[in-house]
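Q: Input file: model.txt. Contents: compact mmCIF, C-alpha atoms.
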```txt
# COMPACT_ATOMS: atom_id res chain seq x y z
CA MET A 1 22.76 159.31 163.08
CA LEU A 2 19.14 159.02 161.98
CA PRO A 3 16.58 161.86 161.77
CA GLY A 4 13.31 161.62 163.69
CA PRO A 5 11.13 160.18 160.87
CA LEU A 6 13.46 157.16 160.55
CA LEU A 7 13.54 156.32 164.27
CA MET A 8 11.47 153.30 165.28
CA HIS A 9 10.57 152.09 168.76
CA ARG A 10 7.85 150.52 170.86
CA TYR A 11 6.86 150.75 174.51
CA SER A 12 6.96 148.00 177.10
CA GLY A 13 5.17 149.60 180.03
CA GLU A 14 7.23 152.67 180.92
CA GLU A 15 10.24 151.40 178.99
CA ILE A 16 11.01 152.51 175.43
CA VAL A 17 12.48 149.75 173.22
CA PRO A 18 14.29 150.92 170.05
CA LYS A 19 14.08 148.92 166.82
CA ARG A 20 17.02 146.57 166.21
CA LEU A 21 17.94 144.42 163.23
CA ASP A 22 19.20 140.89 163.78
CA VAL A 23 22.45 140.06 162.06
CA ASN A 24 20.94 137.27 159.98
CA LYS A 25 21.08 136.21 156.33
CA ALA A 26 18.06 138.25 155.22
CA ASN A 27 19.25 141.50 156.81
CA LEU A 28 22.82 141.00 155.62
CA GLU A 29 21.49 140.58 152.05
CA LEU A 30 19.42 143.76 152.45
CA ALA A 31 22.47 145.69 153.70
CA LEU A 32 24.56 144.33 150.83
CA ASN A 33 21.93 145.36 148.26
CA ILE A 34 21.97 148.92 149.59
CA ILE A 35 25.77 149.01 149.62
CA ASP A 36 25.87 147.71 146.02
CA THR A 37 23.36 150.38 144.98
CA PHE A 38 25.70 153.10 146.24
CA SER A 39 28.74 151.38 144.76
CA MET A 40 27.17 151.30 141.28
CA ALA A 41 26.26 154.99 141.59
CA GLN A 42 29.87 156.17 141.83
CA GLY A 43 30.51 158.89 139.29
CA LYS A 44 26.78 159.50 138.85
CA ARG A 45 24.38 162.22 140.02
CA ARG A 46 22.61 162.04 143.37
CA ALA A 47 19.27 162.06 141.50
CA GLU A 48 20.20 158.81 139.74
CA LEU A 49 21.20 157.26 143.07
CA ASP A 50 17.88 158.32 144.63
CA GLU A 51 15.98 156.71 141.75
CA ARG A 52 17.82 153.42 142.27
CA LEU A 53 17.14 153.55 146.01
CA GLN A 54 13.43 154.13 145.33
CA LEU A 55 13.37 151.10 143.06
CA LEU A 56 15.06 149.05 145.76
CA GLU A 57 12.56 150.32 148.33
CA GLY A 58 9.60 149.35 146.17
CA GLU A 59 6.33 149.03 148.04
CA ALA A 60 7.70 146.97 150.92
CA THR A 61 6.41 147.65 154.43
CA ASN A 62 9.97 147.90 155.79
CA TYR A 63 10.68 151.07 153.80
CA ARG A 64 11.90 152.92 156.92
CA VAL A 65 14.52 150.24 157.54
CA LYS A 66 15.78 150.59 153.97
CA ARG A 67 15.75 154.38 154.18
CA GLY A 68 17.55 154.24 157.51
CA LEU A 69 20.32 152.01 156.17
CA ALA A 70 20.64 154.21 153.08
CA HIS A 71 20.78 157.34 155.25
CA ILE A 72 23.68 155.91 157.28
CA VAL A 73 25.59 154.94 154.14
CA ASN A 74 24.88 158.30 152.52
CA ASN A 75 26.08 160.35 155.50
CA GLY A 76 28.88 158.15 156.77
CA PHE A 77 30.57 156.65 153.74
CA CYS A 78 29.91 158.94 150.74
CA THR A 79 31.50 162.07 149.32
CA PHE A 80 29.38 164.17 146.97
CA GLU A 81 30.92 167.03 145.02
CA THR A 82 29.90 169.68 142.53
CA VAL A 83 31.58 168.87 139.21
CA SER A 84 31.70 171.73 136.69
CA PRO A 85 34.28 173.40 134.38
CA LEU A 86 33.64 176.64 136.33
CA GLU A 87 31.59 177.53 139.37
CA PRO A 88 28.01 176.90 138.18
CA ASP A 89 26.86 180.47 138.88
CA VAL A 90 29.84 181.84 136.91
CA LEU A 91 29.14 179.37 134.11
CA ARG A 92 25.51 180.51 133.89
CA LYS A 93 26.53 184.16 133.77
CA ARG A 94 28.99 183.42 130.96
CA LEU A 95 26.33 181.59 128.97
CA PHE A 96 23.71 184.33 129.49
CA ALA A 97 26.24 187.00 128.52
CA LEU A 98 27.06 185.07 125.35
CA SER A 99 23.38 184.64 124.46
CA ALA A 100 22.83 188.40 124.84
CA LYS A 101 25.16 188.97 121.91
CA HIS A 102 23.01 186.92 119.51
CA VAL A 103 19.58 187.36 118.02
CA PRO A 104 17.37 184.66 119.62
CA SER A 105 15.84 183.60 116.31
CA HIS A 106 19.28 183.05 114.78
CA THR A 107 20.81 180.82 117.45
CA THR A 108 20.04 177.75 119.58
CA THR A 109 20.90 176.71 123.10
CA GLU A 110 23.06 173.91 121.71
CA SER A 111 25.11 176.34 119.63
CA LEU A 112 25.58 178.70 122.58
CA ILE A 113 26.78 175.85 124.81
CA SER A 114 29.09 174.65 122.05
CA GLY A 115 30.46 178.16 121.64
CA LEU A 116 31.08 178.56 125.38
CA ALA A 117 32.82 175.17 125.49
CA ALA A 118 35.18 176.34 122.73
CA VAL A 119 35.94 179.58 124.61
CA LEU A 120 36.65 177.71 127.87
CA SER A 121 38.88 175.22 126.03
CA GLU A 122 40.94 178.12 124.71
CA GLU A 123 41.08 179.89 128.09
CA THR A 124 42.08 176.85 130.12
CA ASP A 125 44.18 175.16 127.45
CA LYS A 126 42.16 172.01 128.19
CA GLU A 127 39.48 170.41 126.08
CA VAL A 128 36.05 171.29 127.48
CA GLY A 129 33.15 169.52 125.79
CA SER A 130 29.60 170.73 125.32
CA ALA A 131 28.35 167.91 127.59
CA GLN A 132 30.59 169.20 130.42
CA VAL A 133 29.23 172.71 130.09
CA GLU A 134 25.63 171.51 129.95
CA ALA A 135 26.10 169.29 133.03
CA GLY A 136 27.92 172.05 134.90
CA LEU A 137 25.28 174.75 134.42
CA TYR A 138 23.20 173.48 137.34
CA ALA A 139 25.74 171.24 139.03
CA ASP A 140 25.26 173.17 142.30
CA LEU A 141 21.76 171.76 142.78
CA LYS A 142 21.66 169.00 145.38
CA GLU A 143 20.25 166.42 142.97
CA ASN A 144 23.10 167.09 140.53
CA ALA A 145 25.96 166.51 142.98
CA ILE A 146 28.26 163.68 141.88
CA LEU A 147 29.16 160.72 144.10
CA THR A 148 32.93 160.99 143.75
CA GLU A 149 34.09 158.76 146.62
CA PHE A 150 32.55 155.75 148.33
CA ASP A 151 34.17 154.05 151.32
CA THR A 152 32.45 150.67 151.08
CA PRO A 153 31.18 149.53 154.49
CA ASP A 154 30.94 145.93 155.66
CA PRO A 155 27.29 144.73 155.64
CA GLU A 156 27.47 143.49 159.24
CA ALA A 157 29.06 146.78 160.37
CA LEU A 158 26.23 148.66 158.62
CA LEU A 159 23.61 146.69 160.58
CA HIS A 160 25.45 147.50 163.82
CA ARG A 161 25.50 151.19 162.89
CA PHE A 162 21.74 151.06 162.22
CA ASN A 163 21.06 149.51 165.64
CA LEU A 164 23.29 152.03 167.37
CA SER A 165 21.63 154.93 165.55
CA GLN A 166 18.18 153.78 166.69
CA VAL A 167 19.35 153.80 170.31
CA GLN A 168 21.11 157.15 169.88
CA GLY A 169 17.83 158.60 168.65
CA VAL A 170 16.19 157.84 172.00
CA LEU A 171 18.66 160.18 173.71
CA TYR A 172 17.32 163.14 171.72
CA ARG A 173 14.39 163.04 174.15
CA ALA A 174 16.40 162.62 177.33
CA GLN A 175 15.86 164.90 180.31
CA GLU A 176 18.61 163.30 182.38
CA LEU A 177 20.97 160.34 182.10
CA GLU A 178 22.57 158.46 184.95
CA ILE A 179 25.52 156.20 184.14
CA THR A 180 27.14 153.86 186.62
CA ALA A 181 30.63 152.96 185.42
CA HIS A 182 31.69 150.05 187.62
CA ARG A 183 35.29 149.22 188.45
CA ASN A 184 37.11 149.25 185.13
CA VAL A 185 40.59 149.72 183.72
CA PRO A 186 41.66 153.32 184.60
CA GLY A 187 42.45 154.04 180.95
CA GLU A 188 38.81 153.36 180.04
CA TYR A 189 37.66 156.00 182.54
CA LYS A 190 40.05 158.52 181.04
CA GLN A 191 38.72 157.95 177.55
CA LEU A 192 35.14 158.19 178.83
CA PHE A 193 35.75 161.51 180.60
CA ARG A 194 37.65 162.88 177.63
CA TYR A 195 34.62 162.25 175.43
CA LEU A 196 32.41 163.96 178.02
CA LYS A 197 34.70 166.96 177.73
CA LEU A 198 35.01 166.73 173.94
CA PHE A 199 31.23 166.94 173.43
CA GLY A 200 30.80 169.62 176.12
CA LEU A 201 28.25 167.61 178.13
CA MET A 202 27.00 168.95 181.46
CA ALA A 203 27.87 166.18 183.91
CA TYR A 204 27.99 165.68 187.69
CA ILE A 205 30.45 162.94 188.67
CA GLU A 206 30.99 161.08 191.94
CA GLY A 207 33.28 158.16 192.81
CA ASP A 208 36.86 157.12 192.25
CA VAL A 209 38.99 154.80 190.12
CA GLU A 210 38.95 152.00 192.70
CA HIS A 211 35.19 151.73 193.16
CA GLY A 212 33.77 153.23 189.97
CA PHE A 213 31.89 156.41 189.09
CA THR A 214 28.31 157.63 188.95
CA ILE A 215 27.81 160.16 186.16
CA LYS A 216 24.67 162.28 185.88
CA ILE A 217 24.33 164.12 182.56
CA ASP A 218 21.79 166.80 181.69
CA GLY A 219 19.81 165.84 178.62
CA PRO A 220 18.77 168.12 175.72
CA SER A 221 15.31 168.47 177.26
CA SER A 222 16.62 169.42 180.71
CA LEU A 223 15.91 172.62 182.60
CA PHE A 224 18.14 174.87 180.50
CA GLY A 225 15.97 174.23 177.43
CA ALA A 226 15.89 171.87 174.49
CA SER A 227 18.90 172.04 172.17
CA THR A 228 19.25 170.10 168.93
CA ARG A 229 23.03 170.48 168.92
CA TYR A 230 23.35 169.36 172.53
CA GLY A 231 21.08 166.38 171.84
CA THR A 232 23.32 165.39 168.93
CA ASP A 233 26.43 165.71 171.12
CA LEU A 234 24.82 163.53 173.78
CA ALA A 235 23.97 160.88 171.18
CA LYS A 236 27.55 160.99 169.86
CA PHE A 237 28.76 160.18 173.38
CA LEU A 238 27.05 156.77 173.42
CA PRO A 239 29.62 154.96 171.19
CA ALA A 240 32.34 156.10 173.64
CA LEU A 241 30.43 154.53 176.53
CA LEU A 242 30.27 151.22 174.63
CA ASN A 243 34.08 151.02 174.84
CA VAL A 244 33.89 150.79 178.65
CA THR A 245 33.79 147.22 180.01
CA LYS A 246 31.24 147.43 182.86
CA TRP A 247 28.46 150.01 183.00
CA ASN A 248 24.72 150.60 183.01
CA LEU A 249 22.63 153.59 181.93
CA THR A 250 19.20 154.91 182.84
CA ALA A 251 17.57 157.82 180.99
CA ASN A 252 14.45 159.73 181.96
CA LEU A 253 12.72 160.89 178.77
CA ILE A 254 10.16 163.52 177.88
CA PRO A 255 6.85 162.03 179.10
CA ARG A 256 4.88 160.43 176.28
CA GLN A 257 1.21 161.23 175.74
CA ARG A 258 -1.43 158.63 176.50
CA TYR A 259 -4.43 158.26 174.19
CA ASP A 260 -6.47 160.49 176.52
CA GLY A 261 -3.81 163.23 176.33
CA THR A 262 -2.36 162.74 179.82
CA PRO A 263 1.44 162.36 180.24
CA ALA A 264 2.99 158.95 180.96
CA ILE A 265 6.44 158.27 182.36
CA ALA A 266 8.99 157.17 179.78
CA ARG A 267 12.33 155.56 180.56
CA PHE A 268 15.22 153.95 178.74
CA THR A 269 17.82 151.58 180.17
CA LEU A 270 20.97 150.04 178.72
CA ASP A 271 24.00 148.16 180.02
CA ALA A 272 27.33 146.74 178.93
CA ASP A 273 25.66 143.51 177.73
CA CYS A 274 23.38 145.36 175.28
CA GLY A 275 25.08 143.89 172.20
CA LEU A 276 25.60 147.28 170.53
CA VAL A 277 28.90 147.76 168.71
CA SER A 278 30.89 151.01 168.82
CA HIS A 279 32.55 152.39 165.69
CA TYR A 280 34.83 154.63 167.81
CA LYS A 281 38.40 153.46 168.09
CA LYS A 282 39.67 152.77 171.58
CA GLY A 283 42.56 154.80 172.92
CA LYS A 284 42.08 158.00 170.93
CA ASP A 285 45.34 159.93 171.14
CA TYR A 286 44.03 163.49 171.08
CA ASP A 287 40.70 165.22 171.61
CA SER A 288 41.35 168.00 169.11
CA MET A 289 43.68 169.20 166.37
CA VAL A 290 44.86 171.97 168.73
CA GLU A 291 46.15 169.33 171.18
CA LYS A 292 47.83 167.27 168.47
CA ALA A 293 49.47 170.31 166.88
CA PHE A 294 50.80 171.46 170.27
CA ALA A 295 52.24 168.00 171.02
CA ASP A 296 53.90 167.91 167.59
CA ARG A 297 55.48 171.33 168.15
CA TRP A 298 56.67 170.34 171.62
CA GLN A 299 58.53 167.34 170.22
CA LYS A 300 60.54 169.72 168.03
CA THR A 301 61.34 172.08 170.91
CA LYS A 302 64.70 171.89 172.68
CA THR A 303 63.83 171.77 176.38
CA ASP A 304 64.32 169.58 179.44
CA TRP A 305 60.59 169.69 180.10
CA ARG A 306 58.88 166.43 179.07
CA LEU A 307 55.32 166.47 177.76
CA GLU A 308 53.25 163.47 178.95
CA ARG A 309 49.86 162.46 177.60
CA GLU A 310 48.79 160.00 180.33
CA VAL A 311 47.69 162.10 183.31
CA ASP A 312 46.02 160.93 186.51
CA LEU A 313 42.42 161.94 187.11
CA LEU A 314 41.95 164.93 189.42
CA PRO A 315 38.97 164.30 191.73
CA ILE A 316 36.94 167.40 192.59
CA PRO A 317 33.56 167.79 194.34
CA GLY A 318 30.84 166.63 191.97
CA SER A 319 33.13 165.94 189.05
CA VAL A 320 36.55 164.85 187.89
CA MET A 321 39.14 166.55 185.71
CA VAL A 322 41.19 164.81 183.06
CA PRO A 323 43.98 167.28 182.21
CA ASP A 324 45.18 167.22 178.62
CA PHE A 325 48.90 166.90 179.45
CA ARG A 326 51.47 166.87 182.22
CA LEU A 327 54.75 168.77 181.99
CA VAL A 328 57.59 167.19 183.97
CA HIS A 329 61.11 168.52 184.60
CA PRO A 330 64.11 166.35 185.59
CA ASP A 331 64.53 168.43 188.78
CA GLY A 332 61.16 167.19 190.05
CA ARG A 333 58.90 170.09 189.09
CA ASP A 334 55.67 169.19 187.30
CA PHE A 335 52.55 170.97 186.05
CA VAL A 336 49.24 169.74 184.68
CA PHE A 337 48.36 171.44 181.40
CA GLU A 338 44.78 172.08 180.28
CA ILE A 339 43.61 173.64 176.99
CA VAL A 340 40.44 175.76 177.11
CA GLY A 341 39.21 176.31 173.58
CA TYR A 342 35.52 175.32 173.59
CA TRP A 343 33.16 178.26 173.09
CA ARG A 344 29.87 177.28 174.77
CA PRO A 345 29.22 179.49 177.85
CA GLU A 346 27.95 176.56 179.95
CA TYR A 347 31.16 174.67 179.21
CA LEU A 348 33.35 177.65 180.11
CA ARG A 349 31.55 178.24 183.41
CA LYS A 350 31.85 174.57 184.29
CA LYS A 351 35.52 174.38 183.27
CA PHE A 352 36.64 177.35 185.37
CA ALA A 353 34.52 176.17 188.30
CA GLN A 354 36.36 172.85 188.11
CA VAL A 355 39.73 174.61 188.11
CA ARG A 356 38.78 176.61 191.21
CA LYS A 357 37.47 173.53 193.04
CA SER A 358 40.47 171.37 192.19
CA GLY A 359 42.76 173.16 194.60
CA VAL A 360 45.65 172.27 192.29
CA SER A 361 48.46 174.82 192.54
CA ASN A 362 50.56 173.43 189.70
CA MET A 363 48.15 173.98 186.80
CA VAL A 364 48.72 175.82 183.53
CA LEU A 365 45.71 176.88 181.44
CA ALA A 366 46.06 177.64 177.72
CA ILE A 367 43.08 179.87 176.88
CA SER A 368 41.96 180.89 173.39
CA GLU A 369 41.76 184.65 172.89
CA ARG A 370 38.70 184.01 170.71
CA LEU A 371 36.60 183.05 173.74
CA ASN A 372 34.25 185.69 175.11
CA LEU A 373 34.80 184.90 178.76
CA GLY A 374 32.93 188.00 179.87
CA ASP A 375 29.65 186.81 178.34
CA ALA A 376 30.14 183.47 180.11
CA GLY A 377 30.60 185.24 183.43
CA VAL A 378 34.12 183.91 183.84
CA LYS A 379 36.75 185.91 185.74
CA VAL A 380 40.23 184.66 184.98
CA ASP A 381 41.79 186.64 187.83
CA GLN A 382 39.93 184.41 190.28
CA VAL A 383 41.78 181.34 188.98
CA LEU A 384 45.06 180.44 190.68
CA ALA A 385 46.46 178.66 187.63
CA LYS A 386 49.15 180.08 185.38
CA ILE A 387 47.67 181.41 182.12
CA VAL A 388 48.93 181.12 178.53
CA TRP A 389 46.87 183.00 175.92
CA PHE A 390 46.82 181.81 172.31
CA LYS A 391 45.11 182.69 169.04
CA ASN A 392 45.18 179.93 166.44
CA LYS A 393 47.94 177.75 167.93
CA ILE A 394 49.70 177.20 171.23
CA LEU A 395 53.40 178.01 171.01
CA PRO A 396 55.78 175.99 173.23
CA LYS A 397 57.93 179.09 173.88
CA ASP A 398 54.92 180.83 175.48
CA VAL A 399 54.33 177.85 177.75
CA LEU A 400 58.01 177.61 178.68
CA ALA A 401 58.03 181.31 179.55
CA VAL A 402 55.21 180.74 182.04
CA LEU A 403 56.86 177.62 183.50
CA GLU A 404 60.13 179.42 184.14
```
Take the structure in the file and write it out as structure tokens.
A:
Amino acid sequence: MLPGPLLMHRYSGEEIVPKRLDVNKANLELALNIIDTFSMAQGKRRAELDERLQLLEGEATNYRVKRGLAHIVNNGFCTFETVSPLEPDVLRKRLFALSAKHVPSHTTTESLISGLAAVLSEETDKEVGSAQVEAGLYADLKENAILTEFDTPDPEALLHRFNLSQVQGVLYRAQELEITAHRNVPGEYKQLFRYLKLFGLMAYIEGDVEHGFTIKIDGPSSLFGASTRYGTDLAKFLPALLNVTKWNLTANLIPRQRYDGTPAIARFTLDADCGLVSHYKKGKDYDSMVEKAFADRWQKTKTDWRLEREVDLLPIPGSVMVPDFRLVHPDGRDFVFEIVGYWRPEYLRKKFAQVRKSGVSNMVLAISERLNLGDAGVKVDQVLAKIVWFKNKILPKDVLAVLE
């Protein structure tokens, strides 16, 4: 996503309108030029890449557009690494220690570097050249990082990412969002609610699968205080919403200041016909590595219990639960299985409140021992669900012990 200085918008009355780039020949050529600049910088220092980007930027008035496109490529498609024969700080210490053994007037920096290269070649049984040592001495500086990998984006996809990032930036200022998800395919709802859970968003949900849902989400500037991390999580949720067929969104933003210093209402609206393109894949299998690892272990476990991924939504007052799994036995017994591993206190309070409100008697909760439930004000003994505690991984044998 884009930082504040690269966000561009205008106002139309109370409505904020983010900057968007048309997918036309001129903008596609601009995107391609930026992509080519990164491609030609593979294997080179970040400082050299920055110089090329500055030349491309020139003195054009659209410099923020160019910087925005470059920022997206830099953060989404590039891998920069420190390249040095040894850790740079160790390399510097070795060179300084070597120089301390010589009289300054009788030696040169070049000879010291050459001498250290010879020592390292002997120690590692690999040829280490003077140029490698010289480049590695300060390789840990940001400008000296090497572009080692570049996943070349499509120019049109880059323009779509730019437009999406501009809209995401508006949500940094949101006080509250209201989303109406009209009647859609049930699987789309499940994915939407899973992303709500994944990003730990504070949401109040009403409705059902047949008629649709109304989702109210607290924004980063809501009553519990501004949070940069929460604002980022909220912005990350937007691409998931784009994968739903029918919806509309209204956001109340921090009031903007008029020229006379008085506050003015600011709003933002969006709907399914907005033309934005999501880069999230539809039908994500798992919300976390903990879930995936547990499912993989279960497949290797000899048991009559069947682990199912597709679970019906559990309606509760003011919200809805999307359990992670369902466990089904051939004799007709079944349990919904929910993993609680997210650390934020607000999330924990909300999660356990949902469990209490659900009224579901056949629920199993897998709870991380790393969570400080006491600080979150959570009392596990008030939850009717069966509990499985885990440290780094959830073991099927522990779950089976609880089921039986």
Q: As number ranges by chain, please: the residues near segment 267-279 of chain A (cut-off 8 Å, all atoms listed in the file, same-chain neighbours under 2 positions excluded).
A: A: 14-17, 160-161, 163-164, 170, 239-240, 242-253, 265, 281
Q: Could you pull out every residue with an atom within 10 Å of (27.9, 166.0, 185.1), file coordinates, counting all atoms listed in the file, and send them as an mmCIF file with C-alpha atoms, keeping the file's coordinate frame?
A:
```cif
data_model
loop_
_atom_site.group_PDB
_atom_site.id
_atom_site.type_symbol
_atom_site.label_atom_id
_atom_site.label_comp_id
_atom_site.auth_asym_id
_atom_site.auth_seq_id
_atom_site.Cartn_x
_atom_site.Cartn_y
_atom_site.Cartn_z
ATOM 1 C CA LEU A 177 20.970 160.340 182.100
ATOM 2 C CA GLU A 178 22.570 158.460 184.950
ATOM 3 C CA LEU A 196 32.410 163.960 178.020
ATOM 4 C CA LEU A 201 28.250 167.610 178.130
ATOM 5 C CA MET A 202 27.000 168.950 181.460
ATOM 6 C CA ALA A 203 27.870 166.180 183.910
ATOM 7 C CA TYR A 204 27.990 165.680 187.690
ATOM 8 C CA ILE A 205 30.450 162.940 188.670
ATOM 9 C CA GLU A 206 30.990 161.080 191.940
ATOM 10 C CA THR A 214 28.310 157.630 188.950
ATOM 11 C CA ILE A 215 27.810 160.160 186.160
ATOM 12 C CA LYS A 216 24.670 162.280 185.880
ATOM 13 C CA ILE A 217 24.330 164.120 182.560
ATOM 14 C CA ASP A 218 21.790 166.800 181.690
ATOM 15 C CA GLY A 318 30.840 166.630 191.970
ATOM 16 C CA SER A 319 33.130 165.940 189.050
ATOM 17 C CA VAL A 320 36.550 164.850 187.890
ATOM 18 C CA LYS A 350 31.850 174.570 184.290
#
```
Q: So how many Å separate atom CA of Lys351 of chain A and atom CA of His182 of chain A, to one decimal?
A: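 Answer for the atom CA of Lys351 of chain A to atom CA of His182 of chain A separation: 25.0 Å.
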Q: Enter the distance from atom CA of Ile72 of chain A to atom CA of Ala145 of chain A, in Å, rounded to one decimal.
A: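 Answer for the atom CA of Ile72 of chain A to atom CA of Ala145 of chain A separation: 17.9 Å.
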Q: Calculated over only C-alpha atoms, which of the candidates A:Arg92, A:Pro317, A:Asp296, A:Tyr11 has the smallest distance to Gln257 of chain A?
A: A:Tyr11
Q: List every protein, DNA or RNA residue that has an atom no more than 12 Å from (34.5, 173.6, 140.6) in the file's coordinate frame, counting only C-alpha atoms, and report them as a list in words.
A: Glu81, Thr82, Val83, Ser84, Pro85, Leu86, Glu87, Pro88, Asp89, Val90, Leu91, Gln132, Val133, Gly136, Leu137, Tyr138, Ala139, Asp140, Ala145 and Ile146 of chain A
Q: Restricting the calculation to all atoms listed in the file, which member of A:Val290, A:Leu400, A:Met8, A:Leu112 is positioned closest to Ser99 of chain A?
A: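 Among A:Val290, A:Leu400, A:Met8, A:Leu112, it is A:Leu112 that comes nearest to Ser99 of chain A.
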Q: So how far away is atom CA of Lys197 of chain A from atom CA of Asp233 of chain A, in Å?
A: 10.7 Å
